[in-house]
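Undergrad: Here you go, final.cif (mmCIF, C-alpha atoms):
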```cif
data_upload
loop_
_atom_site.label_atom_id
_atom_site.label_comp_id
_atom_site.auth_asym_id
_atom_site.auth_seq_id
_atom_site.Cartn_x
_atom_site.Cartn_y
_atom_site.Cartn_z
CA MET A 17 0.66 8.50 -28.62
CA LYS A 18 2.44 5.15 -28.48
CA ILE A 19 1.08 2.02 -26.84
CA ILE A 20 1.97 2.23 -23.15
CA LYS A 21 3.96 -0.48 -21.44
CA LEU A 22 4.71 -0.64 -17.74
CA THR A 23 8.46 -0.17 -18.23
CA LEU A 24 9.46 3.09 -19.87
CA ALA A 25 12.36 5.52 -19.95
CA ILE A 26 12.36 8.54 -17.61
CA MET A 27 11.56 12.12 -18.57
CA PRO A 28 10.48 15.12 -16.43
CA PHE A 29 7.02 16.45 -15.50
CA PHE A 30 5.97 20.07 -15.92
CA PHE A 31 2.62 20.75 -14.26
CA SER A 32 0.98 23.43 -12.16
CA ASP A 33 0.71 23.46 -8.35
CA SER A 34 -2.03 21.36 -6.72
CA TRP A 35 -2.26 18.22 -4.61
CA ALA A 36 -3.85 14.80 -4.81
CA THR A 37 -7.21 14.27 -3.13
CA GLU A 38 -5.98 11.23 -1.17
CA ILE A 39 -2.61 10.55 0.43
CA VAL A 40 -1.88 6.87 1.08
CA ALA A 41 0.68 6.12 3.80
CA PHE A 42 2.15 2.75 2.84
CA HIS A 43 3.00 0.81 6.02
CA GLY A 44 2.31 3.91 8.13
CA LEU A 45 5.27 5.88 9.48
CA ASN A 46 8.05 3.33 9.27
CA GLN A 47 11.73 2.45 9.19
CA SER A 48 12.11 3.29 5.52
CA ILE A 49 14.23 1.41 3.00
CA ARG A 50 17.22 3.29 1.61
CA ALA A 51 16.67 4.74 -1.85
CA ASP A 52 19.89 3.10 -3.08
CA ALA A 53 19.06 -0.35 -1.68
CA GLU A 54 19.07 -3.18 -4.18
CA TYR A 55 16.88 -6.17 -3.38
CA LYS A 56 14.45 -8.66 -4.85
CA ASN A 57 10.85 -9.21 -3.77
CA ASN A 58 11.65 -11.98 -1.30
CA ASP A 59 14.80 -10.41 0.17
CA CYS A 60 14.84 -9.26 3.79
CA THR A 61 14.77 -5.46 3.85
CA ALA A 62 15.11 -4.90 7.60
CA GLY A 63 18.86 -4.47 7.12
CA LEU A 64 18.45 -1.93 4.32
CA VAL A 65 16.80 0.91 6.22
CA ASN A 66 17.70 4.54 6.70
CA PHE A 67 18.94 6.09 9.94
CA GLU A 68 15.64 7.44 11.32
CA THR A 69 14.90 9.89 14.12
CA HIS A 70 11.84 7.93 15.30
CA HIS A 71 11.05 4.42 16.54
CA PHE A 72 7.84 3.78 14.61
CA ILE A 73 7.60 0.34 13.03
CA GLU A 74 5.63 -0.53 9.91
CA ASN A 75 2.27 -2.29 10.09
CA THR A 76 1.60 -1.34 13.70
CA ILE A 77 -1.26 0.73 15.07
CA PRO A 78 1.09 3.47 16.37
CA SER A 79 2.71 3.78 12.92
CA VAL A 80 -0.62 4.05 11.11
CA ASP A 81 -1.88 6.51 13.71
CA ALA A 82 1.23 8.67 13.31
CA ALA A 83 0.75 8.72 9.55
CA PHE A 84 -2.87 9.83 9.88
CA LYS A 85 -1.83 12.57 12.30
CA MET A 86 0.74 13.79 9.78
CA GLY A 87 -1.94 14.17 7.13
CA ALA A 88 -2.40 10.82 5.41
CA THR A 89 -6.00 10.22 4.35
CA ILE A 90 -5.74 6.48 3.63
CA GLY A 91 -3.81 3.97 5.71
CA HIS A 92 -2.07 0.95 4.22
CA ILE A 93 -1.36 -2.38 5.90
CA ASN A 94 -0.34 -5.93 4.95
CA LEU A 95 -2.40 -8.96 5.97
CA ARG A 96 -1.25 -12.53 6.59
CA LYS A 97 -3.37 -15.51 7.63
CA THR A 98 -2.22 -17.27 10.81
CA ALA A 99 -2.33 -20.93 11.78
CA ASP A 100 -5.42 -20.31 13.92
CA ASN A 101 -7.26 -18.53 11.08
CA GLN A 102 -6.78 -14.95 12.16
CA LEU A 103 -5.53 -12.07 10.05
CA ALA A 104 -2.22 -10.72 11.31
CA VAL A 105 -1.00 -7.32 10.16
CA PHE A 106 2.54 -8.07 9.01
CA HIS A 107 4.48 -7.84 5.75
CA ASP A 108 6.46 -11.08 5.52
CA ASP A 109 5.48 -14.69 5.96
CA ASP A 110 8.97 -15.45 7.34
CA LEU A 111 9.28 -14.05 10.87
CA SER A 112 13.08 -14.08 11.07
CA CYS A 113 13.66 -11.01 8.90
CA ARG A 114 12.08 -8.38 11.16
CA THR A 115 11.31 -10.08 14.46
CA ASN A 116 12.98 -12.17 17.16
CA GLY A 117 10.88 -15.13 16.08
CA THR A 118 11.42 -17.93 13.58
CA GLY A 119 9.19 -19.86 11.24
CA LEU A 120 6.22 -18.67 9.23
CA VAL A 121 3.27 -16.49 10.14
CA SER A 122 1.03 -19.04 8.44
CA GLN A 123 2.29 -21.72 10.86
CA SER A 124 2.07 -19.56 14.00
CA THR A 125 -0.89 -18.73 16.21
CA MET A 126 -1.81 -15.13 16.93
CA SER A 127 -1.03 -15.63 20.62
CA VAL A 128 2.56 -16.55 19.69
CA LEU A 129 2.85 -13.66 17.25
CA LYS A 130 1.67 -11.23 19.93
CA LYS A 131 4.75 -12.04 22.03
CA LEU A 132 7.27 -11.10 19.34
CA ASP A 133 9.27 -7.91 18.95
CA VAL A 134 8.35 -6.73 15.44
CA GLY A 135 11.16 -4.16 15.52
CA TYR A 136 13.91 -6.56 16.55
CA ASN A 137 16.03 -6.80 13.39
CA TYR A 138 15.83 -3.36 11.78
CA THR A 139 19.34 -2.00 11.34
CA PRO A 140 20.78 0.77 9.15
CA ASP A 141 24.39 -0.32 9.63
CA LYS A 142 24.43 -3.99 10.73
CA LYS A 143 25.66 -2.80 14.14
CA THR A 144 22.86 -0.84 15.77
CA PHE A 145 19.22 -1.90 16.11
CA PRO A 146 17.30 1.29 16.90
CA THR A 147 13.81 -0.25 17.14
CA ARG A 148 14.79 -3.37 19.09
CA GLY A 149 12.56 -3.57 22.15
CA PHE A 150 10.09 -1.00 20.84
CA GLY A 151 7.95 -3.52 18.95
CA VAL A 152 7.15 -6.12 21.62
CA GLY A 153 3.49 -7.08 21.36
CA LEU A 154 2.78 -4.62 18.56
CA MET A 155 1.73 -7.02 15.80
CA PRO A 156 -2.01 -6.30 15.54
CA THR A 157 -4.85 -8.22 13.99
CA PHE A 158 -6.93 -6.77 11.19
CA GLU A 159 -9.82 -6.49 13.63
CA GLU A 160 -7.71 -4.44 16.04
CA VAL A 161 -6.73 -2.03 13.27
CA LEU A 162 -10.39 -1.58 12.33
CA GLN A 163 -11.21 -0.95 15.99
CA ALA A 164 -8.47 1.67 16.17
CA PHE A 165 -9.52 3.44 12.95
CA PRO A 166 -13.25 2.75 12.44
CA ASN A 167 -13.83 5.84 10.30
CA ARG A 168 -10.65 5.79 8.25
CA PRO A 169 -10.17 4.34 4.75
CA LEU A 170 -7.66 1.49 4.68
CA ALA A 171 -5.83 -0.16 1.79
CA ILE A 172 -5.22 -3.81 2.65
CA ASN A 173 -2.41 -5.60 0.82
CA VAL A 174 -3.36 -9.25 1.16
CA LYS A 175 -0.63 -11.80 0.60
CA SER A 176 -2.84 -14.91 0.55
CA THR A 177 -5.04 -15.88 -2.38
CA ASP A 178 -7.10 -18.71 -0.88
CA GLU A 179 -10.81 -18.61 -0.13
CA THR A 180 -10.25 -18.94 3.62
CA THR A 181 -8.49 -15.59 3.70
CA ALA A 182 -11.30 -13.95 1.74
CA LYS A 183 -13.85 -15.41 4.16
CA LEU A 184 -11.81 -14.13 7.13
CA ILE A 185 -11.79 -10.63 5.64
CA GLU A 186 -15.57 -10.78 5.25
CA GLN A 187 -16.07 -12.14 8.76
CA THR A 188 -13.88 -9.38 10.22
CA LEU A 189 -15.62 -6.61 8.30
CA SER A 190 -19.02 -8.00 9.35
CA LYS A 191 -18.13 -7.17 12.95
CA PHE A 192 -18.22 -3.50 11.94
CA PRO A 193 -21.65 -3.01 10.35
CA SER A 194 -21.33 0.76 10.29
CA LEU A 195 -18.04 0.63 8.36
CA PRO A 196 -18.72 1.30 4.65
CA ARG A 197 -17.19 -1.45 2.53
CA LYS A 198 -16.01 1.21 0.08
CA ASN A 199 -13.63 2.41 2.82
CA ILE A 200 -11.60 -0.77 2.30
CA ILE A 201 -9.37 -1.03 -0.77
CA TYR A 202 -8.11 -4.51 -1.62
CA ILE A 203 -4.64 -4.96 -3.12
CA GLY A 204 -3.76 -8.54 -4.05
CA HIS A 205 -4.04 -11.34 -6.56
CA ALA A 206 -7.45 -12.80 -5.73
CA ASN A 207 -9.85 -10.19 -7.05
CA ASP A 208 -12.46 -12.69 -8.20
CA THR A 209 -12.45 -14.47 -4.84
CA ILE A 210 -12.65 -11.19 -2.91
CA ARG A 211 -15.49 -10.01 -5.16
CA LYS A 212 -17.35 -13.24 -4.33
CA TYR A 213 -16.96 -13.11 -0.55
CA VAL A 214 -16.54 -9.39 0.13
CA PRO A 215 -18.86 -7.48 -2.19
CA GLY A 216 -18.74 -3.73 -2.06
CA ILE A 217 -15.06 -3.12 -1.32
CA GLN A 218 -12.82 -1.36 -3.79
CA MET A 219 -10.14 -3.37 -5.56
CA VAL A 220 -6.97 -2.32 -7.31
CA ALA A 221 -7.02 -3.66 -10.85
CA THR A 222 -4.99 -6.72 -11.76
CA GLU A 223 -1.85 -6.32 -13.87
CA PRO A 224 -3.60 -7.57 -17.05
CA GLN A 225 -6.41 -5.08 -16.41
CA HIS A 226 -3.85 -2.28 -16.03
CA LEU A 227 -2.25 -3.13 -19.37
CA GLN A 228 -5.53 -3.62 -21.20
CA CYS A 229 -6.95 -0.35 -19.92
CA LEU A 230 -3.86 1.74 -20.67
CA ASN A 231 -3.62 0.27 -24.13
CA ALA A 232 -7.32 0.97 -24.73
CA ILE A 233 -6.72 4.62 -23.82
CA THR A 234 -3.72 4.94 -26.12
CA SER A 235 -5.58 3.31 -29.01
CA LYS A 236 -8.79 5.22 -28.18
CA SER A 237 -10.77 2.02 -28.53
CA GLY A 238 -12.97 0.19 -26.02
CA ILE A 239 -12.13 2.48 -23.10
CA LYS A 240 -15.55 2.25 -21.47
CA GLU A 241 -15.82 -1.52 -21.88
CA ILE A 242 -12.31 -2.22 -20.58
CA CYS A 243 -11.64 0.54 -18.04
CA GLU A 244 -15.01 1.38 -16.50
CA GLY A 245 -14.93 1.30 -12.70
CA LEU A 246 -11.29 0.21 -12.43
CA LEU A 247 -8.80 1.51 -9.89
CA LEU A 248 -5.35 1.67 -11.46
CA ALA A 249 -2.32 1.88 -9.16
CA LEU A 250 0.97 2.53 -10.91
CA PRO A 251 4.46 2.86 -9.39
CA PHE A 252 6.05 6.27 -9.77
CA LYS A 253 8.93 4.93 -11.86
CA ASN A 254 6.43 3.82 -14.52
CA VAL A 255 4.31 6.95 -14.38
CA LYS A 256 7.14 9.46 -14.56
CA PRO A 257 7.75 8.88 -18.29
CA LEU A 258 4.11 9.68 -19.10
CA SER A 259 4.39 13.43 -18.57
CA LYS A 260 2.77 14.28 -21.88
CA ASP A 261 0.14 11.56 -21.86
CA LEU A 262 -0.89 11.44 -18.20
CA PRO A 263 -3.46 14.28 -18.28
CA HIS A 264 -5.23 12.50 -21.13
CA ILE A 265 -5.07 9.18 -19.26
CA ILE A 266 -6.57 10.74 -16.13
CA THR A 267 -9.35 12.46 -18.06
CA SER A 268 -10.15 9.26 -19.95
CA LEU A 269 -10.32 7.24 -16.74
CA HIS A 270 -12.51 9.74 -14.93
CA ALA A 271 -14.89 9.81 -17.91
CA VAL A 272 -15.67 6.12 -17.30
CA ASN A 273 -15.78 6.32 -13.49
CA ALA A 274 -12.29 4.88 -13.10
CA LYS A 275 -9.51 6.06 -10.78
CA ILE A 276 -5.74 6.25 -10.89
CA TRP A 277 -3.23 6.15 -8.03
CA VAL A 278 0.52 6.64 -8.15
CA TRP A 279 2.55 4.96 -5.43
CA ASN A 280 6.17 4.71 -4.27
CA VAL A 281 6.49 8.49 -4.24
CA ASN A 282 9.13 8.83 -1.55
CA SER A 283 10.91 12.18 -1.87
CA PRO A 284 9.73 15.80 -1.68
CA GLU A 285 11.03 16.31 -5.21
CA ASP A 286 8.98 13.43 -6.62
CA ALA A 287 5.91 14.52 -4.68
CA LYS A 288 6.22 18.03 -6.09
CA LEU A 289 6.37 16.67 -9.63
CA LEU A 290 2.92 15.11 -9.19
CA LYS A 291 1.12 18.27 -8.13
CA GLY A 292 -1.66 19.47 -10.39
CA LEU A 293 -2.22 16.22 -12.23
CA GLY A 294 -5.69 15.43 -10.93
CA LEU A 295 -4.61 12.04 -9.61
CA ASP A 296 -7.04 10.33 -7.26
CA ALA A 297 -4.30 9.38 -4.80
CA ILE A 298 -0.58 9.43 -4.19
CA GLY A 299 1.02 6.64 -2.17
CA THR A 300 4.22 7.08 -0.19
CA TYR A 301 6.44 5.01 2.07
CA ARG A 302 7.96 8.27 3.39
CA ILE A 303 4.98 10.20 4.70
CA ASP A 304 7.33 12.21 6.93
CA LYS A 305 9.38 13.38 3.91
CA THR A 306 6.58 13.98 1.41
CA ILE A 307 3.61 15.30 3.35
CA SER A 308 4.74 18.94 3.18
CA GLU A 309 4.50 18.78 -0.61
CA LEU A 310 1.34 16.68 -0.74
CA LYS A 311 -0.96 18.68 1.52
#
```
Write out the structure in this file as structure tokens.
TA:
Amino acid sequence: MKIIKLTLAIMPFFFSDSWATEIVAFHGLNQSIRADAEYKNNDCTAGLVNFETHHFIENTIPSVDAAFKMGATIGHINLRKTADNQLAVFHDDDLSCRTNGTGLVSQSTMSVLKKLDVGYNYTPDKKTFPTRGFGVGLMPTFEEVLQAFPNRPLAINVKSTDETTAKLIEQTLSKFPSLPRKNIIYIGHANDTIRKYVPGIQMVATEPQHLQCLNAITSKSGIKEICEGLLLALPFKNVKPLSKDLPHIITSLHAVNAKIWVWNVNSPEDAKLLKGLGLDAIGTYRIDKTISELK
């Protein structure tokens, strides 16, 4: 087995029927990005969405609730720190892409953000805006999401890396003493800071940890020392080439109390390919399209 890199050529899976233990609904039920859309990380994607039959908007309580009702077992939201040190649930720092506001989340107070229409600029054709008017007042705080789903696991994708944000996460979670910290899964670039201020929550491994662990498995050396307790989360495009090696990777990770997720699984066909692998979770931005195969 060759050393694994995170960019590999594509080849098919052939596995038996089953389904992942956890189903992660990224952004809840949302206005999904077209599969053929080409964009970079900082590009506005509100103008690259599909024609949908619903008005649910990502990162809102109704969208997360709809995803749970469809069968998701873990919700996923994005967090941004505001000017008045609150945690807003929103993907971008720039408000102009999705909303009728301007400026940055980090320079806006939560009271201002609450007045915006978070569905204002979504358009599948540059002519129609199907969610405009449906998102007024729907940008929640992290605390409000926890209040709405006190018994549900949540993956929080945190865009800030400063200590203030980590402290705000801890302060918010402390308001819910009965909420197990293990129900919160941190995704971000400040693992050491989060570990310091928010002990007990799960954390997705950093990119170097991903590479070191996968290479340890392929070389069959130092797996326990490097991989123990990690949560790996790999995009589907990078996992798909590992059809022959993935069962061994999963078994090796589970042997050292580590977990593996696969995310960005957005079609029924891709979801079906992952059945029977023993993955700990599958993450999808298209819960409405994939849930029939995943549950």
Undergrad: Which residue is closest to A:Val255? Choose from A:Ala221, A:Leu293, A:Ile200, A:Phe165 and count all atoms listed in the file.
TA: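 The closest residue to A:Val255 is A:Leu293.
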Undergrad: With a distance cut-off of 8 Å and all atoms listed in the file, select the neighbouring residues of A:Ile172, excluding the residue or stretch itself and same-chain residues fewer than 2 positions from it, and output the selection as a list of chain:residue names.
TA: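 Once the nearby chain positions are removed, what remains is A:His92, A:Ile93, A:Asn94, A:Leu95, A:Leu170, A:Val174, A:Ile200, A:Ile201, A:Tyr202, A:Ile203.
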Undergrad: Decode the PyMOL selection byres ((chain A and resi 119) around 12) for the given file into explicit residues and return them as a list of chain:residue names.
TA: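 Answer for the PyMOL selection byres ((chain A and resi 119) around 12): A:Thr98, A:Ala99, A:Asp108, A:Asp109, A:Asp110, A:Leu111, A:Ser112, A:Cys113, A:Arg114, A:Thr115, A:Asn116, A:Gly117, A:Thr118, A:Leu120, A:Val121, A:Ser122, A:Gln123, A:Ser124, A:Thr125, A:Val128, A:Leu129.
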Undergrad: Given the file above and the PyMOL selection byres ((chain A and resi 149) around 10), which residues are selected, and can you give them as JSON, numbers by chain?
TA: {"A": [71, 116, 132, 133, 134, 135, 136, 137, 145, 146, 147, 148, 150, 151, 152, 153]}
Undergrad: Between atom CA of A:Leu247 and atom CA of A:Pro193, what is the distance, to one decimal in Å?
TA: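 Between these atoms lies a distance of 24.4 Å.
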Undergrad: Looking at all atoms listed in the file, which of A:Gln163, A:Gly299, A:Ile217, A:Lys191 is the one that sits closest to A:Pro251?
TA: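 Comparing A:Gln163, A:Gly299, A:Ile217, A:Lys191 against A:Pro251, the winner is A:Gly299.
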Undergrad: Would you compute the distance between atom CA of A:Thr209 and atom CA of A:Thr300? Give it in Å to one decimal.
TA: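 Those two atoms sit 27.6 Å apart.
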Undergrad: Atom CA of A:Leu45 and atom CA of A:Asn280 are how many Å apart?
TA: 13.8 Å
Undergrad: Hey, what comes out of the PyMOL selection byres ((chain A and resi 185) around 12) on this file? Could you write it as an NGL selection string?
TA: :A and (95-97 or 101-104 or 157-159 or 162 or 172-174 or 176-184 or 186-192 or 197 or 200-202 or 209-215 or 217)
Undergrad: Using all atoms listed in the file, which protein or nucleic acid residues come within 10 Å of A:Val65? Drop anything in the same chain fewer than 6 positions from it, and give the result as a list of chain:residue names.
TA: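 Neighbouring residues, sequence-local ones excluded: A:Asn46, A:Gln47, A:Ser48, A:Ile49, A:Arg50, A:Ala51, A:Ala53, A:Tyr138, A:Thr139, A:Pro140, A:Asp141.
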Undergrad: Give as a PyMOL selection string the set of residues within 8 Å of the point (-5.5, 9.5, -0.8), where distances use the file's coordinates and only C-alpha atoms.
TA: chain A and resi 36-40+88-90+296-299
